[in-house]
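K.L.:
My structure is stored as model.cif, with mmCIF, C-alpha atoms.
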data_start
#
loop_
_atom_site.label_atom_id
_atom_site.label_comp_id
_atom_site.auth_asym_id
_atom_site.auth_seq_id
_atom_site.Cartn_x
_atom_site.Cartn_y
_atom_site.Cartn_z
CA MET A 64 -0.39 3.96 -31.68
CA ALA A 65 1.77 1.74 -29.53
CA LYS A 66 0.02 -1.06 -27.68
CA LYS A 67 -1.06 -0.28 -24.11
CA LYS A 68 1.39 -1.75 -21.63
CA ARG A 69 0.28 -3.82 -18.66
CA ARG A 70 3.62 -4.43 -16.97
CA SER A 71 2.35 -3.46 -13.53
CA MET A 72 -1.23 -3.79 -12.26
CA LEU A 73 -1.48 -2.52 -8.71
CA TYR A 74 -4.20 -3.80 -6.40
CA ILE A 75 -5.89 -1.02 -4.42
CA PRO A 76 -8.32 -1.99 -1.62
CA GLY A 77 -11.77 -0.83 -2.70
CA ASN A 78 -12.65 0.58 0.71
CA ASN A 79 -9.56 2.78 1.06
CA PRO A 80 -10.33 6.30 -0.21
CA ALA A 81 -6.81 7.64 0.37
CA MET A 82 -5.24 5.00 -1.85
CA ILE A 83 -7.92 5.18 -4.54
CA GLN A 84 -7.69 8.95 -4.91
CA GLN A 85 -3.91 8.67 -5.33
CA SER A 86 -4.09 5.77 -7.81
CA GLY A 87 -3.14 7.89 -10.80
CA VAL A 88 0.22 8.96 -9.39
CA TYR A 89 1.77 5.61 -8.41
CA GLY A 90 3.31 5.22 -11.87
CA CYS A 91 1.87 1.77 -12.51
CA ASP A 92 0.37 0.89 -15.89
CA ALA A 93 -2.96 -0.13 -14.34
CA VAL A 94 -4.77 -0.05 -11.03
CA LEU A 95 -7.02 -2.86 -9.85
CA LEU A 96 -9.67 -1.43 -7.56
CA ASP A 97 -10.47 -4.48 -5.51
CA LEU A 98 -13.95 -5.32 -4.23
CA GLU A 99 -13.05 -8.94 -3.58
CA ASP A 100 -10.34 -10.25 -1.23
CA ALA A 101 -9.16 -6.83 -0.01
CA VAL A 102 -12.57 -5.93 1.41
CA ALA A 103 -14.04 -7.30 4.66
CA LEU A 104 -17.35 -9.13 4.28
CA ASN A 105 -19.26 -6.51 6.28
CA GLN A 106 -17.85 -3.64 4.18
CA LYS A 107 -18.72 -4.93 0.71
CA ASP A 108 -21.57 -2.43 0.30
CA ALA A 109 -19.41 0.49 1.42
CA ALA A 110 -16.57 -0.47 -0.94
CA ARG A 111 -18.71 -0.81 -4.06
CA ILE A 112 -20.42 2.54 -3.41
CA LEU A 113 -17.04 4.19 -2.76
CA VAL A 114 -15.46 2.74 -5.92
CA ARG A 115 -18.45 3.79 -8.01
CA SER A 116 -18.29 7.31 -6.56
CA MET A 117 -14.52 7.51 -7.17
CA LEU A 118 -14.91 6.33 -10.78
CA GLU A 119 -17.34 9.20 -11.33
CA THR A 120 -14.93 11.84 -10.10
CA VAL A 121 -11.27 10.92 -9.69
CA ASN A 122 -8.74 11.59 -12.45
CA PHE A 123 -6.66 8.46 -12.98
CA TYR A 124 -4.62 10.21 -15.70
CA ASP A 125 -3.37 7.63 -18.23
CA THR A 126 -3.48 4.72 -15.78
CA GLU A 127 -5.74 1.92 -16.95
CA VAL A 128 -8.52 1.30 -14.42
CA CYS A 129 -9.75 -2.20 -13.71
CA VAL A 130 -12.26 -3.18 -11.03
CA ARG A 131 -12.15 -6.67 -9.54
CA VAL A 132 -15.67 -7.65 -8.60
CA ASN A 133 -16.69 -10.60 -6.46
CA ASN A 134 -17.46 -13.95 -8.00
CA MET A 135 -21.02 -14.44 -9.17
CA GLN A 136 -21.51 -17.41 -6.85
CA THR A 137 -21.18 -15.09 -3.82
CA PRO A 138 -23.95 -12.79 -2.53
CA PHE A 139 -21.83 -9.79 -3.68
CA GLY A 140 -21.04 -10.44 -7.35
CA LEU A 141 -24.24 -9.23 -8.95
CA ALA A 142 -24.54 -6.20 -6.64
CA ASP A 143 -20.97 -5.24 -7.63
CA LEU A 144 -21.84 -5.42 -11.32
CA GLU A 145 -24.98 -3.30 -10.83
CA GLU A 146 -22.85 -0.49 -9.36
CA ILE A 147 -19.71 -0.77 -11.49
CA VAL A 148 -20.82 -1.70 -15.02
CA PRO A 149 -22.68 1.62 -15.58
CA MET A 150 -19.42 3.46 -14.80
CA GLN A 151 -17.61 1.58 -17.60
CA PRO A 152 -14.10 1.37 -16.16
CA ASP A 153 -11.48 0.23 -18.69
CA ASN A 154 -11.94 -3.35 -17.54
CA ILE A 155 -13.65 -5.61 -15.05
CA ARG A 156 -11.75 -8.50 -13.55
CA PHE A 157 -13.84 -11.64 -13.13
CA PRO A 158 -12.38 -13.88 -10.41
CA LYS A 159 -12.45 -17.67 -10.10
CA THR A 160 -13.50 -18.29 -13.69
CA GLU A 161 -13.82 -22.03 -14.12
CA SER A 162 -15.73 -22.65 -17.33
CA VAL A 163 -17.14 -21.19 -20.53
CA GLN A 164 -20.56 -21.21 -18.85
CA ASP A 165 -19.18 -18.97 -16.06
CA VAL A 166 -18.09 -16.41 -18.64
CA LYS A 167 -21.40 -16.63 -20.49
CA ASP A 168 -23.39 -16.12 -17.27
CA PHE A 169 -21.17 -13.20 -16.29
CA MET A 170 -21.44 -11.53 -19.69
CA LYS A 171 -25.19 -11.99 -19.75
CA GLU A 172 -25.44 -9.82 -16.62
CA VAL A 173 -22.90 -7.29 -17.91
CA ARG A 174 -24.81 -6.89 -21.19
CA ARG A 175 -28.17 -6.65 -19.41
CA ILE A 176 -26.90 -3.83 -17.17
CA GLU A 177 -25.31 -2.02 -20.13
CA LYS A 178 -28.58 -2.26 -22.03
CA GLU A 179 -30.60 -0.99 -19.05
CA HIS A 180 -28.28 2.04 -18.81
CA GLY A 181 -28.40 2.73 -22.54
CA ILE A 182 -24.71 2.01 -23.04
CA LYS A 183 -24.21 1.37 -26.73
CA ASP A 184 -20.91 0.16 -28.16
CA PRO A 185 -19.30 -0.46 -24.73
CA LYS A 186 -15.50 -0.27 -24.64
CA MET A 187 -15.05 -1.95 -21.25
CA THR A 188 -13.16 -5.24 -21.54
CA ILE A 189 -13.04 -8.28 -19.29
CA HIS A 190 -10.09 -9.93 -17.55
CA VAL A 191 -10.74 -13.51 -16.58
CA MET A 192 -8.92 -14.84 -13.52
CA ILE A 193 -7.94 -18.49 -13.42
CA GLU A 194 -7.65 -19.52 -9.78
CA THR A 195 -8.74 -23.13 -9.56
CA ALA A 196 -7.55 -26.44 -10.98
CA LYS A 197 -10.80 -26.67 -12.94
CA GLY A 198 -10.18 -23.23 -14.43
CA VAL A 199 -6.68 -24.28 -15.49
CA ALA A 200 -8.08 -27.42 -17.11
CA ASN A 201 -10.64 -25.38 -19.09
CA VAL A 202 -8.47 -22.37 -19.84
CA TYR A 203 -8.20 -22.87 -23.63
CA ASP A 204 -11.98 -22.80 -24.04
CA ILE A 205 -12.35 -19.90 -21.57
CA ALA A 206 -9.76 -17.82 -23.45
CA ALA A 207 -11.57 -18.29 -26.76
CA CYS A 208 -15.21 -17.93 -25.76
CA GLU A 209 -15.85 -14.17 -25.52
CA PRO A 210 -14.52 -11.36 -27.74
CA ARG A 211 -14.59 -8.79 -24.91
CA VAL A 212 -12.08 -10.80 -22.89
CA ASP A 213 -8.74 -9.09 -23.61
CA ALA A 214 -6.61 -10.47 -20.79
CA ILE A 215 -6.28 -13.61 -18.79
CA THR A 216 -4.64 -13.77 -15.41
CA ILE A 217 -3.55 -16.37 -12.90
CA GLY A 218 -4.42 -16.07 -9.20
CA GLY A 219 -1.59 -17.92 -7.47
CA GLN A 220 -2.81 -17.75 -3.87
CA ASP A 221 -6.27 -19.17 -4.56
CA LEU A 222 -4.91 -21.71 -7.04
CA THR A 223 -2.46 -23.18 -4.54
CA ALA A 224 -5.21 -23.22 -1.92
CA ASP A 225 -7.50 -25.03 -4.35
CA MET A 226 -4.73 -27.54 -5.11
CA GLY A 227 -4.08 -28.07 -1.41
CA ILE A 228 -0.43 -27.07 -1.69
CA VAL A 229 1.76 -24.28 -0.32
CA LYS A 230 2.86 -21.46 -2.65
CA THR A 231 6.64 -21.63 -2.55
CA PRO A 232 9.03 -18.84 -3.63
CA ASP A 233 10.15 -20.87 -6.65
CA GLY A 234 6.53 -21.13 -7.84
CA ALA A 235 6.90 -24.88 -8.50
CA GLY A 236 3.28 -25.67 -7.69
CA ILE A 237 1.84 -23.21 -10.18
CA ASP A 238 4.45 -23.60 -12.92
CA TYR A 239 2.33 -25.87 -15.12
CA ALA A 240 -0.68 -23.57 -14.67
CA ARG A 241 1.38 -20.50 -15.60
CA LYS A 242 2.62 -22.14 -18.80
CA ARG A 243 -0.79 -23.51 -19.79
CA ILE A 244 -2.45 -20.13 -19.20
CA VAL A 245 0.22 -18.34 -21.25
CA MET A 246 -0.35 -20.70 -24.17
CA ALA A 247 -4.13 -20.29 -23.99
CA GLY A 248 -3.76 -16.52 -23.88
CA LYS A 249 -1.24 -16.34 -26.70
CA ALA A 250 -3.37 -18.64 -28.87
CA ASN A 251 -6.19 -16.10 -28.57
CA ASN A 252 -4.11 -12.91 -28.76
CA LEU A 253 -4.82 -11.98 -25.12
CA ASP A 254 -2.51 -10.29 -22.63
CA VAL A 255 -1.48 -12.77 -19.98
CA LEU A 256 -0.90 -11.36 -16.50
CA ASP A 257 0.86 -12.96 -13.57
CA THR A 258 -0.13 -13.34 -9.95
CA VAL A 259 1.14 -11.19 -7.06
CA PHE A 260 4.50 -11.53 -5.29
CA ALA A 261 3.45 -11.41 -1.67
CA ASP A 262 6.70 -10.42 0.11
CA VAL A 263 6.90 -6.65 -0.38
CA ASN A 264 10.29 -6.51 1.39
CA ASP A 265 11.97 -8.96 -0.99
CA GLU A 266 12.81 -6.82 -4.02
CA GLU A 267 15.37 -9.29 -5.37
CA GLY A 268 12.83 -12.11 -5.18
CA LEU A 269 10.28 -9.96 -6.98
CA LYS A 270 12.77 -9.19 -9.76
CA GLU A 271 13.74 -12.85 -10.12
CA GLU A 272 10.11 -13.92 -10.40
CA THR A 273 9.39 -11.13 -12.87
CA GLU A 274 12.39 -12.16 -15.02
CA TYR A 275 11.01 -15.68 -15.06
CA ILE A 276 7.44 -14.81 -15.99
CA LYS A 277 8.67 -12.39 -18.65
CA LYS A 278 10.57 -15.29 -20.24
CA LEU A 279 7.39 -17.39 -20.15
CA GLY A 280 5.49 -14.73 -22.08
CA PHE A 281 3.51 -12.82 -19.45
CA ALA A 282 2.75 -9.19 -20.34
CA GLY A 283 2.87 -8.04 -16.71
CA LYS A 284 2.27 -8.76 -13.10
CA ALA A 285 -0.25 -7.90 -10.40
CA LEU A 286 1.29 -5.93 -7.51
CA ILE A 287 0.21 -5.30 -3.94
CA ASN A 288 2.38 -2.31 -3.02
CA PRO A 289 3.47 0.82 -4.93
CA ARG A 290 7.07 -0.06 -3.97
CA GLN A 291 6.87 -3.00 -6.37
CA VAL A 292 6.18 -0.84 -9.44
CA ASP A 293 9.73 0.27 -10.28
CA PRO A 294 11.43 -3.14 -9.89
CA VAL A 295 8.85 -4.73 -12.19
CA HIS A 296 9.19 -1.97 -14.80
CA GLU A 297 12.96 -2.35 -14.63
CA VAL A 298 12.62 -5.98 -15.66
CA PHE A 299 10.04 -5.40 -18.39
CA ASN A 300 11.69 -2.32 -19.90
CA PRO A 301 14.12 -3.26 -22.69
CA SER A 302 17.77 -2.22 -22.34
CA GLU A 303 19.24 0.47 -24.59
CA ASN A 304 21.08 -2.23 -26.52
CA GLU A 305 17.85 -4.20 -27.09
CA ILE A 306 16.08 -1.06 -28.29
CA ARG A 307 18.88 -0.19 -30.74
CA LYS A 308 18.88 -3.74 -32.10
CA ALA A 309 15.07 -3.78 -32.45
CA TYR A 310 15.13 -0.39 -34.17
CA ARG A 311 17.69 -1.66 -36.65
CA VAL A 312 15.78 -4.90 -37.31
CA TYR A 313 12.52 -3.06 -37.94
CA SER A 314 14.17 -0.40 -40.14
CA GLU A 315 15.83 -3.07 -42.30
CA PHE A 316 12.60 -5.06 -42.43
CA TYR A 317 10.65 -2.01 -43.61
CA LYS A 318 13.21 -1.12 -46.28
CA ASN A 319 13.47 -4.73 -47.53
CA THR A 320 9.70 -5.21 -47.56
CA LYS A 321 9.34 -2.10 -49.73
CA ALA A 322 11.95 -3.56 -52.05
CA GLY A 323 9.98 -6.83 -52.23
CA ILE A 324 12.49 -8.88 -50.21
CA GLY A 325 10.99 -11.24 -47.60
CA VAL A 326 13.94 -12.68 -45.71
CA PHE A 327 17.20 -10.80 -45.22
CA ALA A 328 20.26 -10.83 -42.97
CA ILE A 329 21.82 -8.45 -40.45
CA ASP A 330 25.42 -9.15 -39.45
CA GLY A 331 25.15 -12.59 -41.01
CA LYS A 332 22.01 -13.58 -39.06
CA MET A 333 18.77 -14.37 -40.85
CA ILE A 334 15.90 -11.99 -40.08
CA ASP A 335 12.46 -13.44 -40.66
CA ALA A 336 8.92 -12.75 -39.45
CA PRO A 337 9.34 -14.02 -35.84
CA VAL A 338 12.47 -11.91 -35.33
CA VAL A 339 10.63 -8.86 -36.65
CA GLN A 340 7.68 -9.56 -34.36
CA ARG A 341 10.02 -9.72 -31.35
CA ALA A 342 11.58 -6.42 -32.42
CA ILE A 343 8.13 -4.82 -32.63
CA THR A 344 7.36 -6.03 -29.09
CA VAL A 345 10.59 -4.49 -27.79
CA LEU A 346 9.77 -1.20 -29.51
CA GLU A 347 6.28 -1.22 -27.99
CA TYR A 348 7.75 -1.62 -24.52
CA ALA A 349 10.12 1.26 -25.29
CA ASN A 350 7.17 3.48 -26.30
CA ILE A 351 8.43 3.73 -29.88
CA ASP A 352 5.72 3.78 -32.51
CA ILE A 353 6.75 1.82 -35.60
CA LYS A 354 4.81 4.31 -37.73
CA ASP A 355 7.34 6.95 -36.65
CA ILE A 356 10.18 4.69 -37.78
CA GLU A 357 8.47 4.18 -41.11
CA LYS A 358 7.98 7.93 -41.56
CA SER A 359 11.66 8.57 -40.82
CA LEU A 360 12.60 6.14 -43.60
CA GLU A 361 10.38 7.68 -46.27
CA MET B 22 -37.87 8.06 3.47
CA THR B 23 -37.06 7.86 7.16
CA PRO B 24 -34.11 5.95 8.63
CA LYS B 25 -35.17 3.01 10.76
CA PHE B 26 -31.90 1.90 12.36
CA LYS B 27 -28.77 3.44 13.81
CA ALA B 28 -26.03 3.01 11.21
CA GLN B 29 -22.52 4.09 10.40
CA ALA B 30 -20.13 4.10 7.45
CA GLY B 31 -16.54 5.15 6.87
CA THR B 32 -13.49 5.20 9.11
CA PHE B 33 -11.39 7.62 11.16
CA GLU B 34 -8.47 7.18 8.71
CA SER B 35 -6.99 10.18 6.94
CA SER B 36 -8.90 11.14 3.75
CA ASP B 37 -12.00 9.36 5.06
CA ILE B 38 -15.09 10.43 6.97
CA MET B 39 -17.11 8.57 9.60
CA VAL B 40 -20.83 9.09 9.18
CA LEU B 41 -23.28 8.08 11.91
CA ILE B 42 -27.02 8.16 11.48
CA GLU B 43 -29.67 8.13 14.19
CA PRO B 44 -33.35 7.74 13.40
CA VAL B 45 -35.59 10.54 14.64
CA ALA B 46 -39.37 10.96 14.81
CA GLU B 47 -41.32 12.06 11.71
CA GLY B 48 -41.48 15.84 11.45
CA THR B 49 -38.26 16.41 13.41
CA GLY B 50 -36.37 17.52 10.31
CA ARG B 51 -32.63 17.23 9.58
CA GLN B 52 -29.93 17.76 12.15
CA VAL B 53 -26.41 17.54 10.69
CA ASP B 54 -23.48 17.82 13.13
CA ILE B 55 -20.05 18.03 11.56
CA SER B 56 -16.56 18.04 12.98
CA SER B 57 -13.58 18.13 10.64
CA THR B 58 -9.81 18.60 10.54
CA VAL B 59 -10.50 21.18 7.84
CA MET B 60 -13.59 22.73 9.45
CA LEU B 61 -12.47 26.33 9.02
CA GLN B 62 -11.87 25.95 5.29
CA PHE B 63 -14.59 23.52 4.24
CA GLU B 64 -17.50 23.51 6.71
CA LYS B 65 -19.89 24.99 4.14
CA ASP B 66 -18.81 22.55 1.40
CA LEU B 67 -19.10 19.58 3.74
CA LYS B 68 -22.61 20.55 4.77
CA GLU B 69 -23.67 21.16 1.17
CA CYS B 70 -22.26 17.84 0.04
CA ILE B 71 -24.00 15.90 2.83
CA ASN B 72 -27.30 17.67 2.23
CA GLN B 73 -27.09 16.99 -1.52
CA VAL B 74 -26.98 13.25 -0.86
CA LEU B 75 -29.79 13.46 1.68
CA ASP B 76 -31.86 15.43 -0.86
CA VAL B 77 -31.29 12.89 -3.62
CA MET B 78 -32.20 10.05 -1.25
CA GLU B 79 -35.21 12.02 0.03
CA ILE B 80 -34.21 11.84 3.68
CA GLU B 81 -35.97 14.60 5.59
CA ASN B 82 -35.98 13.39 9.18
CA VAL B 83 -32.57 12.36 10.45
CA HIS B 84 -29.79 13.10 12.91
CA LEU B 85 -26.47 12.76 11.05
CA ILE B 86 -23.09 13.06 12.77
CA ALA B 87 -19.99 13.35 10.56
CA LYS B 88 -16.37 13.15 11.74
CA ASP B 89 -14.25 14.21 8.80
CA LYS B 90 -10.53 13.59 8.30
CA GLY B 91 -10.09 15.48 5.06
CA ALA B 92 -12.25 13.33 2.79
CA LEU B 93 -12.78 14.37 -0.84
CA THR B 94 -16.27 14.91 -2.25
CA PRO B 95 -16.66 11.40 -3.77
CA THR B 96 -15.73 9.83 -0.43
CA ILE B 97 -18.15 12.04 1.53
CA LYS B 98 -20.96 11.24 -0.89
CA ALA B 99 -20.20 7.51 -0.80
CA ARG B 100 -20.05 7.32 2.98
CA VAL B 101 -23.31 9.26 3.46
CA GLU B 102 -25.04 7.09 0.85
CA THR B 103 -23.76 3.91 2.53
CA ALA B 104 -24.81 5.06 6.01
CA VAL B 105 -28.28 6.07 4.77
CA LYS B 106 -28.81 2.77 2.94
CA ARG B 107 -27.73 0.86 6.04
CA SER B 108 -30.09 2.91 8.19
CA LEU B 109 -32.91 2.13 5.78
CA GLY B 110 -32.07 -1.57 5.89
CA ILE B 111 -30.86 -1.60 2.26
CA GLN B 112 -27.63 -3.56 2.34
CA GLU B 113 -27.78 -5.66 -0.77
CA GLY B 114 -24.82 -7.90 -1.24
CA THR B 115 -23.37 -7.55 2.23
CA LEU B 116 -23.13 -10.04 5.06
#
Now that the file is in, can you turn its structure into structure tokens?
P.N.:
Amino acid sequence: MAKKKRRSMLYIPGNNPAMIQQSGVYGCDAVLLDLEDAVALNQKDAARILVRSMLETVNFYDTEVCVRVNNMQTPFGLADLEEIVPMQPDNIRFPKTESVQDVKDFMKEVRRIEKEHGIKDPKMTIHVMIETAKGVANVYDIAACEPRVDAITIGGQDLTADMGIVKTPDGAGIDYARKRIVMAGKANNLDVLDTVFADVNDEEGLKEETEYIKKLGFAGKALINPRQVDPVHEVFNPSENEIRKAYRVYSEFYKNTKAGIGVFAIDGKMIDAPVVQRAITVLEYANIDIKDIEKSLE
Amino acid sequence: MTPKFKAQAGTFESSDIMVLIEPVAEGTGRQVDISSTVMLQFEKDLKECINQVLDVMEIENVHLIAKDKGALTPTIKARVETAVKRSLGIQEGTL
């Protein structure tokens, strides 16, 4: 099966029933039901009960469902986990992760709640959010410390606030953090997800930023409005030419491997393992299963 | 259990429901007053849904007022649960 795509992860305010019940039809790869910044302090209880109730009932179709809980240092974090963990959404997003100890403390509570509810072999994964300078400094250790972490994400707004700088459209202030987080994620085979683009009226700016983060190695981007889904997909989706080229590279690779040949050439250019890996990534984004290619060549 | 405080949950937005709870004296029983944009079609379902939550939470004496704007079942259940918990003084993890 092709790898699950996370090109677009749309934040949905956790206290907005109309938006939550429509989550499955926005066309994004994942929805992030938000109990943190999108919920007023005096509505935290209402939001977590609503999200729990929606998770019980609403059909999200094939959209991945992630819930962003509040940080464990707040009065809300643990109460969020008590409501949400038993529902086992696809993932829980853990904000303001700063250290390995943070992840360990968080997972201790997650595992306790799962045990109390008799959840054996839980499939729910964790997304850690790096939103402080300390988190950026510790990101390599954070990325490697827990097998249930399957994605790492940067929170640009909080990070710039923590650094005492302004988030500019060119992203200069968070550029080092983006690159460091990508490397930490890639080193541990995690998906790396980018921060939001706050100006929903600037589609060109969104596309430019998405082009940039795609080049850096991000698997996708957090979004704040359904209007941002299509432009982001446009950037992440490979062109027809890229798909044809990737198909050809993988076909030749498969045939040559069967013949016992490791390195070969297409149109005079050497094709080795990294080129094949890039071709596989393109095919994944194009929803083409390499097993189907292999079958067609048998 | 008997509600101790006046409490509310929800909004007047479309697809939501505003639930207000007033404490009443022991032995008064339940009084549920509903108004809805889909009253003609769903009055019975709304009442059933609200009463289900009150049953589960063992609330026998209460005056509950619901102003519905086309909320789905999970929203109705969540808003009633929130309002009841607030009226009982159970608001863990909220400022």
K.L.:
Find the residues near Met226 of chain A: any atom within 7 Å, counting all atoms listed in the file, skip ones fewer than 3 places away on the same chain, and give them as a count of residues only.
P.N.:
3
K.L.:
Which is closer to chain B than all the others in A:Gln85, A:Tyr74, A:Ala142, A:Ala103, using all atoms listed in the file?
P.N.:
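Closest to chain B of all the choices is A:Ala142.
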K.L.:
Find the residues in chain B near chain A: any atom within 12 Å counts, using only C-alpha atoms. Write them as a VMD selection string.
P.N.:
chain B and resid 29 to 40 74 90 to 107 110 to 116
K.L.:
Please, could you write that set of residues out with C-alpha atoms as a PDB file, keeping the file's coordinate frame?
P.N.:
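Here's the written file again.pdb:
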ATOM      1  CA  GLN B  29     -22.520   4.090  10.400  1.00  0.00           C
ATOM      2  CA  ALA B  30     -20.130   4.100   7.450  1.00  0.00           C
ATOM      3  CA  GLY B  31     -16.540   5.150   6.870  1.00  0.00           C
ATOM      4  CA  THR B  32     -13.490   5.200   9.110  1.00  0.00           C
ATOM      5  CA  PHE B  33     -11.390   7.620  11.160  1.00  0.00           C
ATOM      6  CA  GLU B  34      -8.470   7.180   8.710  1.00  0.00           C
ATOM      7  CA  SER B  35      -6.990  10.180   6.940  1.00  0.00           C
ATOM      8  CA  SER B  36      -8.900  11.140   3.750  1.00  0.00           C
ATOM      9  CA  ASP B  37     -12.000   9.360   5.060  1.00  0.00           C
ATOM     10  CA  ILE B  38     -15.090  10.430   6.970  1.00  0.00           C
ATOM     11  CA  MET B  39     -17.110   8.570   9.600  1.00  0.00           C
ATOM     12  CA  VAL B  40     -20.830   9.090   9.180  1.00  0.00           C
ATOM     13  CA  VAL B  74     -26.980  13.250  -0.860  1.00  0.00           C
ATOM     14  CA  LYS B  90     -10.530  13.590   8.300  1.00  0.00           C
ATOM     15  CA  GLY B  91     -10.090  15.480   5.060  1.00  0.00           C
ATOM     16  CA  ALA B  92     -12.250  13.330   2.790  1.00  0.00           C
ATOM     17  CA  LEU B  93     -12.780  14.370  -0.840  1.00  0.00           C
ATOM     18  CA  THR B  94     -16.270  14.910  -2.250  1.00  0.00           C
ATOM     19  CA  PRO B  95     -16.660  11.400  -3.770  1.00  0.00           C
ATOM     20  CA  THR B  96     -15.730   9.830  -0.430  1.00  0.00           C
ATOM     21  CA  ILE B  97     -18.150  12.040   1.530  1.00  0.00           C
ATOM     22  CA  LYS B  98     -20.960  11.240  -0.890  1.00  0.00           C
ATOM     23  CA  ALA B  99     -20.200   7.510  -0.800  1.00  0.00           C
ATOM     24  CA  ARG B 100     -20.050   7.320   2.980  1.00  0.00           C
ATOM     25  CA  VAL B 101     -23.310   9.260   3.460  1.00  0.00           C
ATOM     26  CA  GLU B 102     -25.040   7.090   0.850  1.00  0.00           C
ATOM     27  CA  THR B 103     -23.760   3.910   2.530  1.00  0.00           C
ATOM     28  CA  ALA B 104     -24.810   5.060   6.010  1.00  0.00           C
ATOM     29  CA  VAL B 105     -28.280   6.070   4.770  1.00  0.00           C
ATOM     30  CA  LYS B 106     -28.810   2.770   2.940  1.00  0.00           C
ATOM     31  CA  ARG B 107     -27.730   0.860   6.040  1.00  0.00           C
ATOM     32  CA  GLY B 110     -32.070  -1.570   5.890  1.00  0.00           C
ATOM     33  CA  ILE B 111     -30.860  -1.600   2.260  1.00  0.00           C
ATOM     34  CA  GLN B 112     -27.630  -3.560   2.340  1.00  0.00           C
ATOM     35  CA  GLU B 113     -27.780  -5.660  -0.770  1.00  0.00           C
ATOM     36  CA  GLY B 114     -24.820  -7.900  -1.240  1.00  0.00           C
ATOM     37  CA  THR B 115     -23.370  -7.550   2.230  1.00  0.00           C
ATOM     38  CA  LEU B 116     -23.130 -10.040   5.060  1.00  0.00           C
TER      39      LEU B 116
END
K.L.:
Can you measure atom CA of Tyr275 of chain A to atom CA of Arg307 of chain A for me? One decimal in Å is fine.
P.N.:
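For atom CA of Tyr275 of chain A relative to atom CA of Arg307 of chain A, the distance reads 23.4 Å.
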K.L.:
Can you turn the PyMOL selection byres ((chain B and resi 67) around 9) into a concrete residue list for this file, as an MDAnalysis selection string?
P.N.:
chainID B and resid 55 57 60 63:66 68:72 89 94 97
K.L.:
One number please: atom CA of Ile306 of chain A to atom CA of Ser71 of chain A, in Å, one decimal.
P.N.:
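So the two atoms, atom CA of Ile306 of chain A and atom CA of Ser71 of chain A, lie 20.3 Å apart.
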K.L.:
Run through the PyMOL selection byres ((chain A and resi 185) around 10) on the given coordinates and return the selected residues as a list in words.
P.N.:
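Checked against the file, the PyMOL selection byres ((chain A and resi 185) around 10) matches Val148, Pro149, Gln151, Asp153, Arg174, Glu177, Lys178, Gly181, Ile182, Lys183, Asp184, Lys186, Met187, Thr188 and Arg211 of chain A.
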K.L.:
Kindly give the distance, in Å, that separates atom CA of Ala101 of chain A and atom CA of Phe169 of chain A, rounded to a single decimal.
P.N.:
21.2 Å
K.L.:
Take every atom of segment 332-351 of chain A listed in the file, pad by 8 Å on each side, and give me the axis-aligned box centre and edge lengths in Å, one decimal, as JSON.
P.N.:
{"center_x": 14.1, "center_y": -5.3, "center_z": -32.7, "size_x": 31.7, "size_y": 34.1, "size_z": 32.3}
K.L.:
Could you tell me which of B:Val45, B:Lys88, B:Asp76, B:Lys25 comes closest to Val59 of chain B if we count only C-alpha atoms?
P.N.:
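Checking each candidate against Val59 of chain B, we get B:Lys88 as the closest.
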K.L.:
Any chance you could resolve the PyMOL selection byres ((chain A and resi 344) around 12) against this file and give the residues as a PyMOL selection string?
P.N.:
chain A and resi 65-68+280+282+299-301+305-306+309-310+312-313+337-343+345-353
K.L.:
Give me the residues within 9 Å of Ile287 of chain A as number ranges by chain, counting only C-alpha atoms and dropping any in the same chain fewer than 6 places off.
P.N.:
A: 72-75, 259-261, 263
K.L.:
Could you please fill out segment 27-35 of chain B with N, CA and C atoms and send it back as a PDB file, in the coordinates of the input?
P.N.:
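The resulting part11.pdb:
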ATOM      1  N   LYS B  27     -30.048   2.743  13.659  1.00  0.00           N
ATOM      2  CA  LYS B  27     -28.770   3.440  13.810  1.00  0.00           C
ATOM      3  C   LYS B  27     -27.776   2.786  12.844  1.00  0.00           C
ATOM      4  N   ALA B  28     -26.982   3.601  12.162  1.00  0.00           N
ATOM      5  CA  ALA B  28     -26.030   3.010  11.210  1.00  0.00           C
ATOM      6  C   ALA B  28     -24.808   3.895  11.085  1.00  0.00           C
ATOM      7  N   GLN B  29     -23.724   3.299  10.636  1.00  0.00           N
ATOM      8  CA  GLN B  29     -22.520   4.090  10.400  1.00  0.00           C
ATOM      9  C   GLN B  29     -21.796   3.598   9.157  1.00  0.00           C
ATOM     10  N   ALA B  30     -20.959   4.478   8.588  1.00  0.00           N
ATOM     11  CA  ALA B  30     -20.130   4.100   7.450  1.00  0.00           C
ATOM     12  C   ALA B  30     -18.885   4.970   7.455  1.00  0.00           C
ATOM     13  N   GLY B  31     -17.789   4.409   6.918  1.00  0.00           N
ATOM     14  CA  GLY B  31     -16.540   5.150   6.870  1.00  0.00           C
ATOM     15  C   GLY B  31     -15.615   4.779   8.013  1.00  0.00           C
ATOM     16  N   THR B  32     -14.489   5.472   8.080  1.00  0.00           N
ATOM     17  CA  THR B  32     -13.490   5.200   9.110  1.00  0.00           C
ATOM     18  C   THR B  32     -12.933   6.526   9.632  1.00  0.00           C
ATOM     19  N   PHE B  33     -12.075   6.420  10.646  1.00  0.00           N
ATOM     20  CA  PHE B  33     -11.390   7.620  11.160  1.00  0.00           C
ATOM     21  C   PHE B  33     -10.019   7.800  10.514  1.00  0.00           C
ATOM     22  N   GLU B  34      -9.759   7.059   9.409  1.00  0.00           N
ATOM     23  CA  GLU B  34      -8.470   7.180   8.710  1.00  0.00           C
ATOM     24  C   GLU B  34      -8.403   8.536   7.990  1.00  0.00           C
ATOM     25  N   SER B  35      -7.178   8.960   7.714  1.00  0.00           N
ATOM     26  CA  SER B  35      -6.990  10.180   6.940  1.00  0.00           C
ATOM     27  C   SER B  35      -7.640  10.034   5.560  1.00  0.00           C
TER      28      SER B  35
END
